[in-house]
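> A single structure is presented below for examination.
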Amino acid sequence: MSTTNTPDPEGRSNSHDDFRRPCCWKSSRGMEATPLLSAHKMGEFNLTNRVVLAPLGRCRSYGSLPQPHNVLYYAQRAAQGVLLIAEANTVSETSRGYPHMPGLWSQEQVEAWKPVVDAVHAKGAVFFCQIWHHGRVSPPEFQPNGQAPISSTDKQVTPQVSHDGSILEFAAPRSLNTVEIPDIVNEFRIAAKNAIKAGFDSVEIHAANGYLFFKNTRENRVSSF
């Protein structure tokens, strides 16, 4: 089989060989490009390349438990030395904000994650777990008796336009009392420990979009926190 190499009007090569070359990350500051498919040592982890599976919320963990189909989903994306980050796990029952997201506050959830993690490790991949607390983004229907969601502030999330054009309104949150904050910290601690018990290699905390985390606490409160 032969291939042709038609001249490009801008002088670029369109040889088939070019498509087999590693993609590169190019710095806007003129720094040397880093091939995305080159090996990288990240702390104690030796990665085959720099391409990472981002945490993607799938809303298919019914009852806040990973399902058998999660094993296939992550195993299909695993390979030797590749880094995968699991979909975000809520740190407590009241930290939920989307339906059918997994959690890591109970032993049952730990056991449900184990076969998923084992399948990823069997492919030689590195597997991180993302944990989160929805804070003021959590709808009241996820809270006991429909009460207001908790946050480091009493400021509402700005209304947002959904994918279908509808407007999403968020409830006014209740600002945490200072004495309650250690309990939230402990929820993160328990979830992180449970992630390691389930076999994950490390833990990442989701702290964007109004979700509750210590960064938000520091910026919105005048207290020891």
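Lettering and numbering for the structure tokens are positional, with chains as A, B, ... in the shown order, residues counted from 1 in each chain, and ligands counted from 1 in the shown order.
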Run DSSP on the backbone and give me the residues of region 30-216 of chain A it puts in strand (DSSP E), as JSON, numbers by chain.
{"A": [34, 35, 40, 41, 42, 45, 46, 47, 52, 53, 83, 84, 85, 86, 87, 88, 89, 90, 126, 127, 128, 129, 130, 131, 132, 150, 151, 160, 161, 167, 168, 174, 175, 202, 203, 204, 205]}
> For region 113-122 of chain A, find every residue with an atom within 12 Å (counting only C-alpha atoms), except residues of its own chain fewer than 5 positions away, and show them as an MDAnalysis selection string.
chainID A and resid 61 64:87 89 102:108 127:129 194:202
> Include C-alpha atoms and write out the residues we just selected as an mmCIF file, in the first residue's frame.

```
data_model
loop_
_atom_site.group_PDB
_atom_site.id
_atom_site.type_symbol
_atom_site.label_atom_id
_atom_site.label_comp_id
_atom_site.auth_asym_id
_atom_site.auth_seq_id
_atom_site.Cartn_x
_atom_site.Cartn_y
_atom_site.Cartn_z
ATOM 1 C CA SER A 61 -24.362 4.874 40.737
ATOM 2 C CA SER A 64 -24.875 6.101 45.843
ATOM 3 C CA LEU A 65 -23.159 2.778 45.120
ATOM 4 C CA PRO A 66 -20.849 1.974 42.172
ATOM 5 C CA GLN A 67 -22.512 -0.618 39.944
ATOM 6 C CA PRO A 68 -21.040 -3.648 38.138
ATOM 7 C CA HIS A 69 -21.013 -1.671 34.873
ATOM 8 C CA ASN A 70 -18.462 0.682 36.471
ATOM 9 C CA VAL A 71 -15.951 -2.161 36.329
ATOM 10 C CA LEU A 72 -16.236 -2.385 32.557
ATOM 11 C CA TYR A 73 -16.317 1.406 32.066
ATOM 12 C CA TYR A 74 -13.041 2.074 33.875
ATOM 13 C CA ALA A 75 -11.283 -1.110 32.782
ATOM 14 C CA GLN A 76 -11.887 -0.175 29.142
ATOM 15 C CA ARG A 77 -10.061 3.110 29.741
ATOM 16 C CA ALA A 78 -7.149 1.681 31.720
ATOM 17 C CA ALA A 79 -3.717 0.766 30.385
ATOM 18 C CA GLN A 80 -0.231 0.235 31.775
ATOM 19 C CA GLY A 81 1.019 3.383 33.497
ATOM 20 C CA VAL A 82 -2.021 5.508 32.602
ATOM 21 C CA LEU A 83 -3.606 7.825 35.218
ATOM 22 C CA LEU A 84 -7.378 7.676 35.685
ATOM 23 C CA ILE A 85 -9.380 9.883 38.057
ATOM 24 C CA ALA A 86 -12.716 8.431 39.116
ATOM 25 C CA GLU A 87 -15.974 10.344 39.012
ATOM 26 C CA ASN A 89 -17.668 10.751 45.300
ATOM 27 C CA PRO A 102 -21.336 7.534 44.174
ATOM 28 C CA GLY A 103 -20.238 8.192 47.730
ATOM 29 C CA LEU A 104 -17.547 7.069 50.130
ATOM 30 C CA TRP A 105 -18.971 7.604 53.582
ATOM 31 C CA SER A 106 -19.864 3.965 54.302
ATOM 32 C CA GLN A 107 -18.223 0.557 54.320
ATOM 33 C CA GLU A 108 -20.794 -0.678 51.806
ATOM 34 C CA PHE A 127 -6.335 5.214 39.884
ATOM 35 C CA PHE A 128 -7.146 8.380 41.852
ATOM 36 C CA CYS A 129 -10.449 9.111 43.571
ATOM 37 C CA ASN A 194 -12.314 5.072 52.670
ATOM 38 C CA ALA A 195 -10.925 5.758 49.198
ATOM 39 C CA ILE A 196 -7.584 4.309 50.244
ATOM 40 C CA LYS A 197 -9.351 1.334 51.873
ATOM 41 C CA ALA A 198 -11.096 0.710 48.555
ATOM 42 C CA GLY A 199 -7.670 0.521 46.914
ATOM 43 C CA PHE A 200 -7.375 3.917 45.215
ATOM 44 C CA ASP A 201 -3.809 5.173 44.855
ATOM 45 C CA SER A 202 -4.543 8.737 45.942
#
```
> Just the residues within 10 Å of Thr94 (chain A), please, counting only C-alpha atoms, with nothing from its chain fewer than 5 positions along; format it as a ChimeraX atom specification.
/A:133-135,138,140-144,149-150
> Env of Pro173 (chain A): 7 Å cut, atoms = only C-alpha atoms, seq-sep filter 5 positions within chain, self excluded. Answer as a PyMOL selection string.
chain A and resi 136+148-151+154-156
> From the DSSP assignment of the backbone, select every residue of region 41-168 of chain A that is helix (DSSP H, G or I), and format the answer as a CSV table (one decimal) with C-alpha atoms, in the first residue's frame.

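Once written, states_0.csv looks like this:
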```
chain,number,residue,atom,x,y,z
A,62,TYR,CA,-27.8,4.0,42.0
A,63,GLY,CA,-28.2,4.2,45.8
A,64,SER,CA,-24.9,6.1,45.8
A,68,PRO,CA,-21.0,-3.6,38.1
A,69,HIS,CA,-21.0,-1.7,34.9
A,70,ASN,CA,-18.5,0.7,36.5
A,71,VAL,CA,-16.0,-2.2,36.3
A,72,LEU,CA,-16.2,-2.4,32.6
A,73,TYR,CA,-16.3,1.4,32.1
A,74,TYR,CA,-13.0,2.1,33.9
A,75,ALA,CA,-11.3,-1.1,32.8
A,76,GLN,CA,-11.9,-0.2,29.1
A,93,GLU,CA,-25.3,11.7,52.5
A,94,THR,CA,-26.1,15.4,53.0
A,95,SER,CA,-23.2,16.5,50.7
A,107,GLN,CA,-18.2,0.6,54.3
A,108,GLU,CA,-20.8,-0.7,51.8
A,109,GLN,CA,-19.5,1.9,49.3
A,110,VAL,CA,-15.9,0.9,50.0
A,111,GLU,CA,-16.8,-2.7,49.1
A,112,ALA,CA,-18.6,-1.6,46.0
A,113,TRP,CA,-15.6,0.3,44.7
A,114,LYS,CA,-13.1,-2.5,45.3
A,115,PRO,CA,-13.8,-4.6,42.2
A,116,VAL,CA,-13.7,-1.4,40.1
A,117,VAL,CA,-10.3,-0.4,41.5
A,118,ASP,CA,-9.0,-4.0,41.1
A,119,ALA,CA,-10.0,-4.1,37.5
A,120,VAL,CA,-8.1,-0.8,36.8
A,121,HIS,CA,-5.0,-2.0,38.7
A,122,ALA,CA,-5.1,-5.3,36.8
A,135,GLY,CA,-22.3,22.8,49.6
A,136,ARG,CA,-24.6,25.6,48.5
A,137,VAL,CA,-25.0,24.0,45.1
A,140,PRO,CA,-33.0,21.2,49.2
A,141,GLU,CA,-34.4,17.8,48.1
A,142,PHE,CA,-31.1,16.3,49.0
A,144,PRO,CA,-33.0,16.3,55.5
A,145,ASN,CA,-36.6,17.6,55.6
A,146,GLY,CA,-35.9,19.8,52.7
```
> What is the CA of Tyr211 (chain A) to CA of Trp132 (chain A) distance in Å?
7.3 Å
> Smallest atom-to-atom distance to Ala125 (chain A): which of A:Arg60, A:Pro99, A:Pro159, A:Asn46, using only C-alpha atoms?
A:Asn46
> Do you have the CA of Glu32 (chain A)-CA of Glu204 (chain A) distance handy?
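So the answer is 28.8 Å.
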> Could you pull the residues within 12 Å of Thr158 (chain A), counting only C-alpha atoms, minus those fewer than 2 positions along the same chain, as a short mmCIF file (atom, residue, chain, number, x, y, z; two decimals) with C-alpha atoms, in the first residue's frame?

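around13.cif, written as the output of this step:
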```
data_model
loop_
_atom_site.label_atom_id
_atom_site.label_comp_id
_atom_site.auth_asym_id
_atom_site.auth_seq_id
_atom_site.Cartn_x
_atom_site.Cartn_y
_atom_site.Cartn_z
CA ARG A 136 -24.56 25.62 48.47
CA VAL A 137 -25.03 23.95 45.07
CA LYS A 155 -24.68 33.90 49.43
CA GLN A 156 -26.72 32.11 46.77
CA GLN A 160 -27.40 29.45 35.55
CA VAL A 161 -28.67 28.59 32.09
CA ILE A 167 -32.85 28.72 34.15
CA LEU A 168 -31.50 26.88 37.18
CA GLU A 169 -32.27 28.57 40.49
CA PHE A 170 -30.35 27.70 43.65
CA ALA A 171 -31.61 27.83 47.22
CA ALA A 172 -30.18 30.28 49.71
CA ASN A 209 -18.18 25.95 41.29
CA GLY A 210 -19.37 26.82 44.80
#
```
> So what do you get for CA of Cys59 (chain A) versus CA of Ile131 (chain A), distance-wise?
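Calculated distance between CA of Cys59 (chain A) and CA of Ile131 (chain A) is 14.6 Å.
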